[in-house]
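Have a look at run_18.txt below; it lists compact mmCIF, C-alpha atoms.
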# COMPACT_ATOMS: atom_id res chain seq x y z
CA MET A 1 64.88 73.78 118.36
CA LYS A 2 68.35 75.19 118.60
CA PRO A 3 69.00 77.61 115.75
CA GLN A 4 71.66 76.37 113.35
CA LYS A 5 74.80 78.41 112.87
CA LYS A 6 75.58 79.89 109.48
CA SER A 7 77.39 77.17 107.50
CA VAL A 8 77.95 77.52 103.75
CA PRO A 9 74.99 79.60 102.64
CA ASN A 10 74.04 80.37 99.09
CA ASN A 11 75.77 83.69 98.45
CA GLU A 12 73.00 85.24 96.42
CA ARG A 13 70.41 84.34 99.04
CA LEU A 14 72.70 85.67 101.78
CA ALA A 15 73.02 88.95 99.88
CA GLU A 16 69.23 89.13 99.69
CA VAL A 17 68.94 88.46 103.43
CA TYR A 18 71.42 91.26 104.17
CA ARG A 19 69.79 93.69 101.75
CA THR A 20 66.33 93.07 103.18
CA ALA A 21 67.57 93.28 106.76
CA ALA A 22 69.38 96.53 105.93
CA GLN A 23 66.19 98.03 104.49
CA ILE A 24 64.16 97.12 107.58
CA ILE A 25 66.83 98.40 109.96
CA LEU A 26 66.97 101.70 108.07
CA ARG A 27 63.20 102.07 108.21
CA LYS A 28 62.55 100.97 111.80
CA GLY A 29 65.90 101.58 113.46
CA TYR A 30 68.16 98.79 114.71
CA ASP A 31 66.67 98.60 118.21
CA ALA A 32 63.09 98.32 116.97
CA THR A 33 63.91 95.64 114.37
CA SER A 34 63.28 92.03 115.40
CA ILE A 35 64.55 88.84 113.78
CA ASN A 36 60.87 88.06 113.16
CA ASP A 37 60.46 91.28 111.11
CA ILE A 38 63.31 90.22 108.88
CA ALA A 39 62.13 86.61 108.56
CA ASN A 40 58.61 87.81 107.67
CA ALA A 41 59.88 90.23 105.03
CA LEU A 42 61.88 87.40 103.44
CA GLY A 43 59.01 84.90 103.68
CA MET A 44 61.19 82.65 105.83
CA THR A 45 60.73 81.05 109.22
CA LYS A 46 62.85 82.34 112.06
CA ALA A 47 64.69 78.99 112.09
CA GLY A 48 65.23 79.26 108.34
CA LEU A 49 66.69 82.73 108.73
CA TYR A 50 69.17 81.40 111.30
CA HIS A 51 70.80 79.38 108.51
CA TYR A 52 72.04 82.71 107.22
CA ILE A 53 72.62 84.85 110.27
CA ASN A 54 74.22 84.46 113.67
CA GLY A 55 71.63 86.45 115.60
CA LYS A 56 70.63 90.05 115.99
CA LYS A 57 73.68 90.99 118.03
CA GLU A 58 75.95 90.06 115.12
CA LEU A 59 73.63 91.01 112.27
CA LEU A 60 74.52 94.68 111.88
CA PHE A 61 78.23 93.86 112.02
CA ASP A 62 77.84 91.00 109.52
CA ILE A 63 75.92 93.18 107.06
CA MET A 64 78.54 95.92 107.24
CA ASN A 65 81.38 93.44 106.73
CA PHE A 66 79.51 91.95 103.79
CA GLY A 67 79.25 95.42 102.20
CA LEU A 68 82.91 96.13 102.83
CA ASP A 69 83.92 92.68 101.52
CA GLU A 70 82.13 93.44 98.26
CA LEU A 71 83.91 96.78 98.05
CA ASP A 72 87.23 94.96 98.50
CA GLU A 73 86.46 92.32 95.89
CA GLU A 74 84.94 94.54 93.21
CA VAL A 75 86.80 97.81 93.69
CA VAL A 76 89.94 97.65 95.82
CA THR A 77 91.50 94.39 94.63
CA PRO A 78 91.07 94.93 90.86
CA ALA A 79 92.22 98.57 91.25
CA ARG A 80 95.57 97.35 92.59
CA ALA A 81 96.42 95.98 89.15
CA ILE A 82 96.07 99.40 87.47
CA ALA A 83 99.42 101.19 87.43
CA ASP A 84 98.37 104.59 86.05
CA PRO A 85 96.78 106.59 88.88
CA SER A 86 94.33 108.48 86.60
CA ALA A 87 93.05 105.21 85.19
CA ARG A 88 92.99 103.73 88.70
CA LEU A 89 90.91 106.64 90.00
CA ARG A 90 88.52 106.29 87.06
CA PHE A 91 88.11 102.58 87.76
CA ILE A 92 87.55 103.07 91.50
CA ILE A 93 84.85 105.72 91.01
CA ALA A 94 83.04 103.84 88.25
CA SER A 95 83.12 100.44 89.95
CA HIS A 96 82.18 101.81 93.38
CA ALA A 97 79.26 103.69 91.79
CA GLN A 98 78.19 100.50 90.00
CA LEU A 99 78.29 98.58 93.28
CA VAL A 100 76.07 101.12 95.04
CA THR A 101 73.51 101.20 92.22
CA ARG A 102 73.48 97.42 91.90
CA GLY A 103 71.07 97.03 94.79
CA GLN A 104 73.51 97.53 97.64
CA GLY A 105 71.93 100.90 98.43
CA ALA A 106 70.55 100.04 101.86
CA ILE A 107 73.80 98.31 102.85
CA THR A 108 75.79 101.38 101.75
CA ILE A 109 73.62 103.61 103.92
CA LEU A 110 73.91 101.21 106.85
CA VAL A 111 77.70 101.06 106.68
CA ASP A 112 77.90 104.84 106.71
CA GLU A 113 75.23 105.79 109.16
CA ILE A 114 74.30 103.27 111.75
CA THR A 115 76.35 103.45 114.91
CA ALA A 116 74.57 100.78 116.96
CA LEU A 117 77.61 98.47 116.94
CA GLN A 118 79.33 97.12 120.01
CA PRO A 119 82.63 98.93 120.68
CA ALA A 120 84.89 96.10 119.42
CA GLN A 121 82.79 95.72 116.26
CA ASN A 122 82.75 99.46 115.78
CA ARG A 123 86.55 99.60 115.87
CA ILE A 124 86.79 96.98 113.12
CA ILE A 125 84.24 98.67 110.83
CA THR A 126 85.75 102.10 111.43
CA ARG A 127 89.21 100.71 110.60
CA ARG A 128 87.95 99.09 107.38
CA LYS A 129 86.20 102.30 106.26
CA ARG A 130 89.30 104.27 107.13
CA GLU A 131 91.46 101.92 105.07
CA TYR A 132 89.27 102.52 102.05
CA PHE A 133 89.30 106.26 102.63
CA ASP A 134 93.10 106.27 102.94
CA ARG A 135 93.49 104.19 99.80
CA LEU A 136 91.31 106.57 97.81
CA ARG A 137 93.08 109.64 99.20
CA GLY A 138 96.39 107.93 98.41
CA VAL A 139 95.44 107.83 94.73
CA LEU A 140 94.64 111.56 94.84
CA ASP A 141 97.92 112.31 96.66
CA GLU A 142 99.79 110.37 93.97
CA LEU A 143 98.05 112.38 91.25
CA LYS A 144 98.76 115.61 93.10
CA SER A 145 102.46 114.84 93.37
CA GLN A 146 102.49 114.27 89.60
CA GLY A 147 100.84 117.67 89.02
CA LYS A 148 97.75 116.02 87.59
CA LEU A 149 95.28 117.19 90.21
CA HIS A 150 93.48 120.53 90.36
CA ASP A 151 94.55 122.68 93.29
CA VAL A 152 92.31 120.95 95.86
CA ASP A 153 92.78 119.53 99.34
CA THR A 154 92.90 115.74 98.96
CA THR A 155 91.02 115.09 102.20
CA ALA A 156 88.09 117.32 101.21
CA ALA A 157 88.26 115.84 97.69
CA THR A 158 88.11 112.26 99.00
CA PHE A 159 85.07 113.02 101.15
CA SER A 160 83.43 114.81 98.21
CA LEU A 161 83.97 111.75 96.02
CA LEU A 162 82.51 109.46 98.68
CA GLY A 163 79.59 111.86 99.12
CA MET A 164 78.74 111.76 95.42
CA ILE A 165 79.04 107.98 95.27
CA ASN A 166 77.27 107.17 98.51
CA TRP A 167 74.46 109.61 97.74
CA LEU A 168 73.58 107.36 94.79
CA SER A 169 72.17 104.92 97.32
CA ARG A 170 69.45 107.49 98.00
CA TRP A 171 68.45 108.64 94.57
CA PHE A 172 69.25 105.96 92.01
CA ARG A 173 66.17 104.06 90.85
CA GLN A 174 66.44 100.92 88.72
CA ASP A 175 63.38 102.13 86.77
CA GLY A 176 64.64 105.72 86.37
CA ASP A 177 65.69 107.55 83.19
CA LEU A 178 69.35 106.63 83.51
CA THR A 179 70.66 103.06 83.58
CA GLN A 180 73.13 101.86 86.20
CA GLY A 181 75.96 102.15 83.67
CA GLN A 182 74.93 105.64 82.59
CA VAL A 183 74.76 106.88 86.17
CA ALA A 184 78.19 105.42 86.97
CA GLU A 185 79.53 107.11 83.82
CA GLN A 186 78.01 110.48 84.80
CA ILE A 187 79.39 110.35 88.34
CA THR A 188 82.81 109.38 87.00
CA ARG A 189 82.79 112.20 84.47
CA ILE A 190 81.76 114.86 87.02
CA ALA A 191 84.29 113.62 89.55
CA LEU A 192 87.20 113.40 87.10
CA ASN A 193 86.39 116.85 85.67
CA GLY A 194 86.25 118.14 89.23
CA LEU A 195 89.58 116.67 90.29
CA LEU A 196 91.91 116.13 87.34
CA ARG A 197 93.51 118.81 85.23
CA PRO A 198 92.20 118.63 81.65
CA GLU A 199 95.47 117.31 80.23
CA SER A 200 95.41 114.40 82.70
CA ARG A 201 91.97 113.16 81.67
CA SER A 202 91.19 110.89 78.77
CA THR A 203 92.04 112.07 75.23
CA GLN A 204 88.35 112.42 74.49
CA SER A 205 87.72 114.98 77.24
CA VAL A 206 90.78 117.01 76.25
CA PHE A 207 89.58 117.20 72.65
CA LYS A 208 86.14 118.31 73.78
CA VAL A 209 87.56 121.17 75.80
CA VAL A 210 89.92 122.23 73.02
CA LYS A 211 87.22 122.12 70.33
CA LYS A 212 84.99 124.44 72.37
CA ARG A 213 87.53 127.26 72.38
CA MET B 1 50.45 121.43 134.42
CA LYS B 2 49.30 121.84 130.84
CA PRO B 3 52.27 122.26 128.52
CA GLN B 4 52.39 125.71 126.96
CA LYS B 5 52.29 126.04 123.21
CA LYS B 6 55.24 127.50 121.38
CA SER B 7 54.78 131.30 121.39
CA VAL B 8 57.63 133.59 120.30
CA PRO B 9 60.69 131.63 121.29
CA ASN B 10 64.25 132.86 121.23
CA ASN B 11 65.44 131.80 117.78
CA GLU B 12 68.92 130.80 118.84
CA ARG B 13 67.59 128.67 121.67
CA LEU B 14 65.04 127.13 119.31
CA ALA B 15 67.82 126.26 116.88
CA GLU B 16 69.68 124.60 119.74
CA VAL B 17 66.56 122.63 120.72
CA TYR B 18 66.14 121.42 117.14
CA ARG B 19 69.83 120.56 116.72
CA THR B 20 69.91 118.59 119.96
CA ALA B 21 66.65 116.82 119.19
CA ALA B 22 67.95 115.96 115.71
CA GLN B 23 71.12 114.45 117.17
CA ILE B 24 69.17 112.28 119.61
CA ILE B 25 66.69 111.15 116.95
CA LEU B 26 69.57 110.19 114.66
CA ARG B 27 71.24 108.20 117.42
CA LYS B 28 68.22 106.47 118.93
CA GLY B 29 65.72 106.51 116.06
CA TYR B 30 62.53 108.59 116.10
CA ASP B 31 60.34 105.93 117.72
CA ALA B 32 62.75 105.30 120.58
CA THR B 33 63.27 109.01 121.33
CA SER B 34 61.14 110.49 124.11
CA ILE B 35 60.47 114.15 124.90
CA ASN B 36 62.21 113.44 128.22
CA ASP B 37 65.40 112.35 126.40
CA ILE B 38 65.48 115.68 124.59
CA ALA B 39 64.66 117.73 127.69
CA ASN B 40 67.40 115.93 129.66
CA ALA B 41 69.99 116.50 126.93
CA LEU B 42 69.14 120.21 126.94
CA GLY B 43 69.10 120.45 130.73
CA MET B 44 65.49 121.59 130.58
CA THR B 45 62.30 120.38 132.23
CA LYS B 46 59.73 118.74 130.04
CA ALA B 47 57.44 121.74 130.64
CA GLY B 48 60.26 124.11 129.69
CA LEU B 49 60.86 122.21 126.47
CA TYR B 50 57.18 122.61 125.56
CA HIS B 51 57.79 126.35 125.25
CA TYR B 52 59.73 125.48 122.12
CA ILE B 53 58.02 122.47 120.65
CA ASN B 54 54.47 121.37 119.94
CA GLY B 55 54.93 117.73 120.93
CA LYS B 56 56.62 114.68 119.59
CA LYS B 57 54.12 114.15 116.77
CA GLU B 58 55.03 117.55 115.29
CA LEU B 59 58.68 117.63 116.28
CA LEU B 60 60.23 115.84 113.31
CA PHE B 61 58.16 117.92 110.89
CA ASP B 62 59.03 121.15 112.72
CA ILE B 63 62.77 120.37 112.68
CA MET B 64 62.69 119.61 108.95
CA ASN B 65 60.80 122.80 108.17
CA PHE B 66 63.26 124.75 110.28
CA GLY B 67 66.15 123.31 108.25
CA LEU B 68 64.38 124.06 104.97
CA ASP B 69 63.49 127.59 106.13
CA GLU B 70 67.16 128.28 106.80
CA LEU B 71 68.03 126.97 103.35
CA ASP B 72 65.45 129.36 101.86
CA GLU B 73 66.68 132.36 103.84
CA GLU B 74 70.42 131.84 103.45
CA VAL B 75 70.68 130.21 100.04
CA VAL B 76 67.58 130.40 97.86
CA THR B 77 66.43 133.98 98.48
CA PRO B 78 69.83 135.70 98.16
CA ALA B 79 70.62 133.54 95.08
CA ARG B 80 67.59 135.01 93.29
CA ALA B 81 69.34 138.38 93.14
CA ILE B 82 72.32 136.98 91.19
CA ALA B 83 71.70 137.30 87.46
CA ASP B 84 74.73 135.42 86.10
CA PRO B 85 74.06 131.67 86.39
CA SER B 86 77.74 130.73 86.96
CA ALA B 87 77.97 133.21 89.83
CA ARG B 88 74.57 132.02 91.11
CA LEU B 89 75.73 128.40 91.10
CA ARG B 90 78.91 129.35 92.92
CA PHE B 91 76.91 131.22 95.57
CA ILE B 92 74.41 128.37 96.05
CA ILE B 93 77.12 125.73 96.54
CA ALA B 94 79.24 127.86 98.85
CA SER B 95 76.38 129.12 101.00
CA HIS B 96 74.67 125.72 101.23
CA ALA B 97 78.00 124.15 102.25
CA GLN B 98 78.47 126.88 104.86
CA LEU B 99 75.00 126.20 106.25
CA VAL B 100 75.67 122.49 106.62
CA THR B 101 79.02 123.01 108.33
CA ARG B 102 77.62 125.71 110.63
CA GLY B 103 76.22 123.16 113.04
CA GLN B 104 73.14 122.16 111.07
CA GLY B 105 74.68 118.75 110.33
CA ALA B 106 72.20 116.63 112.27
CA ILE B 107 69.26 118.60 110.84
CA THR B 108 70.60 118.11 107.30
CA ILE B 109 70.81 114.37 107.86
CA LEU B 110 67.32 114.29 109.35
CA VAL B 111 65.76 116.17 106.44
CA ASP B 112 67.31 113.75 103.99
CA GLU B 113 66.94 110.45 105.74
CA ILE B 114 64.19 110.13 108.24
CA THR B 115 60.91 109.00 106.80
CA ALA B 116 58.88 108.72 110.02
CA LEU B 117 56.58 111.59 109.01
CA GLN B 118 52.82 111.38 108.74
CA PRO B 119 51.66 111.23 105.11
CA ALA B 120 50.44 114.87 104.94
CA GLN B 121 53.67 116.11 106.54
CA ASN B 122 55.70 113.91 104.24
CA ARG B 123 54.06 115.44 101.18
CA ILE B 124 54.97 118.95 102.33
CA ILE B 125 58.62 118.11 103.11
CA THR B 126 59.00 116.14 99.88
CA ARG B 127 57.58 119.08 97.92
CA ARG B 128 59.94 121.56 99.61
CA LYS B 129 62.96 119.33 98.94
CA ARG B 130 61.83 118.86 95.37
CA GLU B 131 61.50 122.63 94.90
CA TYR B 132 65.10 123.09 95.99
CA PHE B 133 66.26 120.27 93.75
CA ASP B 134 64.39 121.75 90.77
CA ARG B 135 65.80 125.20 91.43
CA LEU B 136 69.35 123.87 91.54
CA ARG B 137 68.84 121.78 88.41
CA GLY B 138 67.29 124.84 86.75
CA VAL B 139 70.57 126.72 87.22
CA LEU B 140 72.46 123.83 85.61
CA ASP B 141 69.96 123.67 82.73
CA GLU B 142 70.42 127.41 82.17
CA LEU B 143 74.21 126.96 82.09
CA LYS B 144 73.85 124.00 79.74
CA SER B 145 71.71 125.98 77.29
CA GLN B 146 74.43 128.66 77.28
CA GLY B 147 77.08 126.03 76.47
CA LYS B 148 78.82 126.64 79.78
CA LEU B 149 78.32 123.19 81.27
CA HIS B 150 80.45 120.10 80.68
CA ASP B 151 78.62 117.35 78.79
CA VAL B 152 76.79 115.97 81.84
CA ASP B 153 73.22 115.00 82.66
CA THR B 154 71.80 117.81 84.82
CA THR B 155 69.75 115.44 87.01
CA ALA B 156 72.77 113.28 87.87
CA ALA B 157 74.82 116.45 88.32
CA THR B 158 72.29 117.98 90.72
CA PHE B 159 72.22 114.84 92.85
CA SER B 160 76.02 114.71 92.80
CA LEU B 161 76.18 118.31 94.03
CA LEU B 162 73.71 117.57 96.81
CA GLY B 163 75.66 114.42 97.70
CA MET B 164 78.90 116.37 98.08
CA ILE B 165 77.24 119.10 100.13
CA ASN B 166 75.08 116.88 102.34
CA TRP B 167 77.97 114.51 103.00
CA LEU B 168 79.67 117.40 104.78
CA SER B 169 77.21 116.86 107.61
CA ARG B 170 78.96 113.56 108.28
CA TRP B 171 82.61 114.43 108.03
CA PHE B 172 83.12 118.11 108.80
CA ARG B 173 84.50 118.74 112.29
CA GLN B 174 84.69 122.24 113.78
CA ASP B 175 88.06 121.27 115.30
CA GLY B 176 89.42 119.70 112.10
CA ASP B 177 92.30 120.86 109.87
CA LEU B 178 90.07 122.88 107.55
CA THR B 179 87.88 125.79 108.67
CA GLN B 180 84.25 126.07 107.68
CA GLY B 181 85.14 128.64 105.04
CA GLN B 182 87.97 126.54 103.64
CA VAL B 183 85.76 123.47 103.35
CA ALA B 184 83.02 125.45 101.61
CA GLU B 185 85.68 126.83 99.22
CA GLN B 186 87.04 123.33 98.48
CA ILE B 187 83.59 121.88 97.79
CA THR B 188 82.75 124.84 95.55
CA ARG B 189 86.01 124.48 93.63
CA ILE B 190 85.62 120.74 93.06
CA ALA B 191 81.97 121.13 92.05
CA LEU B 192 82.58 124.04 89.66
CA ASN B 193 85.56 122.27 88.09
CA GLY B 194 83.37 119.19 87.73
CA LEU B 195 80.48 120.98 86.08
CA LEU B 196 81.56 124.16 84.32
CA ARG B 197 83.73 124.36 81.23
CA PRO B 198 87.02 126.10 82.04
CA GLU B 199 86.17 129.27 80.12
CA SER B 200 82.96 129.65 82.15
CA ARG B 201 84.71 129.61 85.52
CA SER B 202 86.39 132.56 87.21
CA THR B 203 89.23 134.33 85.40
CA GLN B 204 91.68 132.88 87.88
CA SER B 205 90.82 129.27 87.03
CA VAL B 206 91.04 129.91 83.30
CA PHE B 207 94.50 131.41 83.66
CA LYS B 208 95.63 128.45 85.74
CA VAL B 209 94.52 126.00 83.09
CA VAL B 210 96.06 128.03 80.28
CA LYS B 211 99.37 128.55 82.07
CA LYS B 212 99.72 124.84 82.72
CA ARG B 213 99.71 124.01 79.01
Would you put the structure from the file into C-alpha cells?
Amino acid sequence: MKPQKKSVPNNERLAEVYRTAAQIILRKGYDATSINDIANALGMTKAGLYHYINGKKELLFDIMNFGLDELDEEVVTPARAIADPSARLRFIIASHAQLVTRGQGAITILVDEITALQPAQNRIITRRKREYFDRLRGVLDELKSQGKLHDVDTTAATFSLLGMINWLSRWFRQDGDLTQGQVAEQITRIALNGLLRPESRSTQSVFKVVKKR
Amino acid sequence: MKPQKKSVPNNERLAEVYRTAAQIILRKGYDATSINDIANALGMTKAGLYHYINGKKELLFDIMNFGLDELDEEVVTPARAIADPSARLRFIIASHAQLVTRGQGAITILVDEITALQPAQNRIITRRKREYFDRLRGVLDELKSQGKLHDVDTTAATFSLLGMINWLSRWFRQDGDLTQGQVAEQITRIALNGLLRPESRSTQSVFKVVKKR
C-alpha cells in the first residue's frame, strides 16, 4: 500500500504526533529512531502515521517548523500589536514561557539542539530562529535607546532570556508545585527585573522597591 | 593487545579526550558513537585512547563526573569561603559562567541532556546535579530570609539561573564579539539585577539606580 501524503490532518492529533516523535528522537537520537518506533508509541499503524507525516527524511524539519509556526502565531504576531516596548517584552517572555510549558517541551529542545537536518532544511530553520532572535534583540535595542534598559549588552541579554525560557522545557513539570501560569509569571518577573530599569517596569514593581527603602 | 586501564593520565590531555568525545556523542548520539570515532577525531589509536578511558560503557559517566568535578573545584569549593551570600552568589554565577565558556560547552550539554546512563550511574549523576542545585537554591533562600531577594520563587529562580548559564554552552563563541570574561560579567549582571533588590547589589549598581531618578 502506498503511504498517503499528509492532507488536512486534525491539528491537535498532528501536534500529538510531533510531540511524541520529538520525545522519541530526543531519547534515541534521530538516526536510531524509526517510523515504526513513533507509530508504536502513538498506538497507530505505520500507514496511519503516514496520514500525518511525509516520511522520516522530512519529519525533523516538519516538527521544527511546527514549533516555529506556533511561536509565530502565539508570540510574534500578537506582540506586533503592542506599541510600548516594555509591555511588548513582557508579553513575549510570558507567552513564550507559556508555550514551552504547555507541552511543547520536547519540540523546543529539538528545535534548539538537533542538527541532523539536510543543508537546505538547516538553512531555513536557522534563518527562522535567527529572525526570532533578531526580533527579540530589536525590542531590547529599542528599550536601550529609550534609556529603559540596564547597562547590558543586548546580544548577551537576548541569549540569556532564551536560555531561561528554553530551559523550562527541561525542568517544568505539569504536576509540580508551580502551575504553568505561575512559572511564566516568575520567569517574566526575573527577566524584567534583570533587564529593565526599575522606573521602566510596571507600577507595582516600582512601589515594591520604593517601599523597601 | 589488551587495552591498558587508565592510570595517571595527563589532565589536560584527558580534558581534551573528554571534550572531543562529548562533541561526537552530541553530534552522533551515544549509541551511534564508537570508540574508533573518538580515537580518529583525536588522531589517536584505539589502544592509545584506552590509556585515558575505561571503555564505552563507562565513558559517558566518566565525562559527566569530570564536568561535575570541575564544577566542584572551581565553583563550589571556593564559594564556601565567601561568607556574604550576595558576594557568594556573584562568585558562583561568574565562575560557573567562566567554566562553561572555557571550552567545557559540550560537556555541560552532555551532563544536562544525555540520559543514556545505566541506572546506578544515573542515580549518582542525578544526585550530584541535585546537590549543586540545592546549594545554589540555598544561597537564594539565605538572601530571601535576609530580605535581599526580589519577590521570586527560589526554585524557579535557581532553574532560571542555570538556564542562563548552561545556555552559554550553545551560543558562546571564542571568536565572537564578547570575550569570555565579558560574557561572564554580562550574565552575572543580568542575573543579579533579576534576583537581588537594588540595595543588596554592589555600591556601583545602587548609585546608578539612584542617579537615574
Give me, please, the distance in Å between CA of Thr45 (chain B) and CA of Asp31 (chain B), quoted to one decimal.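 Pair CA of Thr45 (chain B) / CA of Asp31 (chain B) returns 20.6 Å.
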Show me a table, sorted first by chain and then by increasing residue number, of the residues of region 31-146 of chain B having an atom at most 7 Å from region 157-166 of chain B, each with its shortest atom pair and the distance in Å to one decimal, counting only C-alpha atoms and written as JSON lines.
{"residue": "B:Ala97", "atom": "CA", "partner": "B:Ile165", "partner_atom": "CA", "distance": 5.5}
{"residue": "B:Thr108", "atom": "CA", "partner": "B:Asn166", "partner_atom": "CA", "distance": 6.8}
{"residue": "B:Leu136", "atom": "CA", "partner": "B:Thr158", "partner_atom": "CA", "distance": 6.6}
{"residue": "B:Arg137", "atom": "CA", "partner": "B:Thr158", "partner_atom": "CA", "distance": 5.6}
Taking all atoms listed in the file into account, which residues of chain A are within 7 Å of chain B, as a ChimeraX atom specification? /A:29,152-153,156,160,163-164,167,183,186,190-195
Which residues are close to region 60-63 of chain A, i.e. within 9 Å by all atoms listed in the file, leaving aside same-chain residues fewer than 2 positions away? Reply as a ChimeraX atom specification. /A:15,18-19,21-22,25,30,53-54,56-58,65-68,107,110-111,114,116-118,121-122,125
Have a look at CA of Ser86 (chain B) and CA of Ser169 (chain B) and let me know their distance in Å, one decimal.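 CA of Ser86 (chain B) sits 24.9 Å away from CA of Ser169 (chain B).
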Find the distance between CA of Pro85 (chain A) and CA of Gly105 (chain A) and write it in Å to one decimal.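 Taking CA of Pro85 (chain A) and CA of Gly105 (chain A), their separation equals 27.2 Å.
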Compute the distance from (94.6, 106.3, 96.1) to each atom, counting all atoms listed in the file, keep the residues with any atom at most 12 Å away, and return them as a ChimeraX atom specification; use the coordinates of the file. /A:75-76,79-80,82-93,131-145,154-155,157-158,161
Can you report as AutoDock Vina command-line options the centre and edge lengths in Å, to one decimal, of an axis-aligned box around the listed atoms of region 172-191 of chain A padded with 5 Å on each side?
--center_x 73.8 --center_y 107.9 --center_z 87.3 --size_x 30.9 --size_y 23.9 --size_z 19.4
Using all atoms listed in the file, which residue out of B:Ser95, B:Thr20, B:Ser34, B:Gln146 lies closest to Gly181 (chain B)? B:Ser95
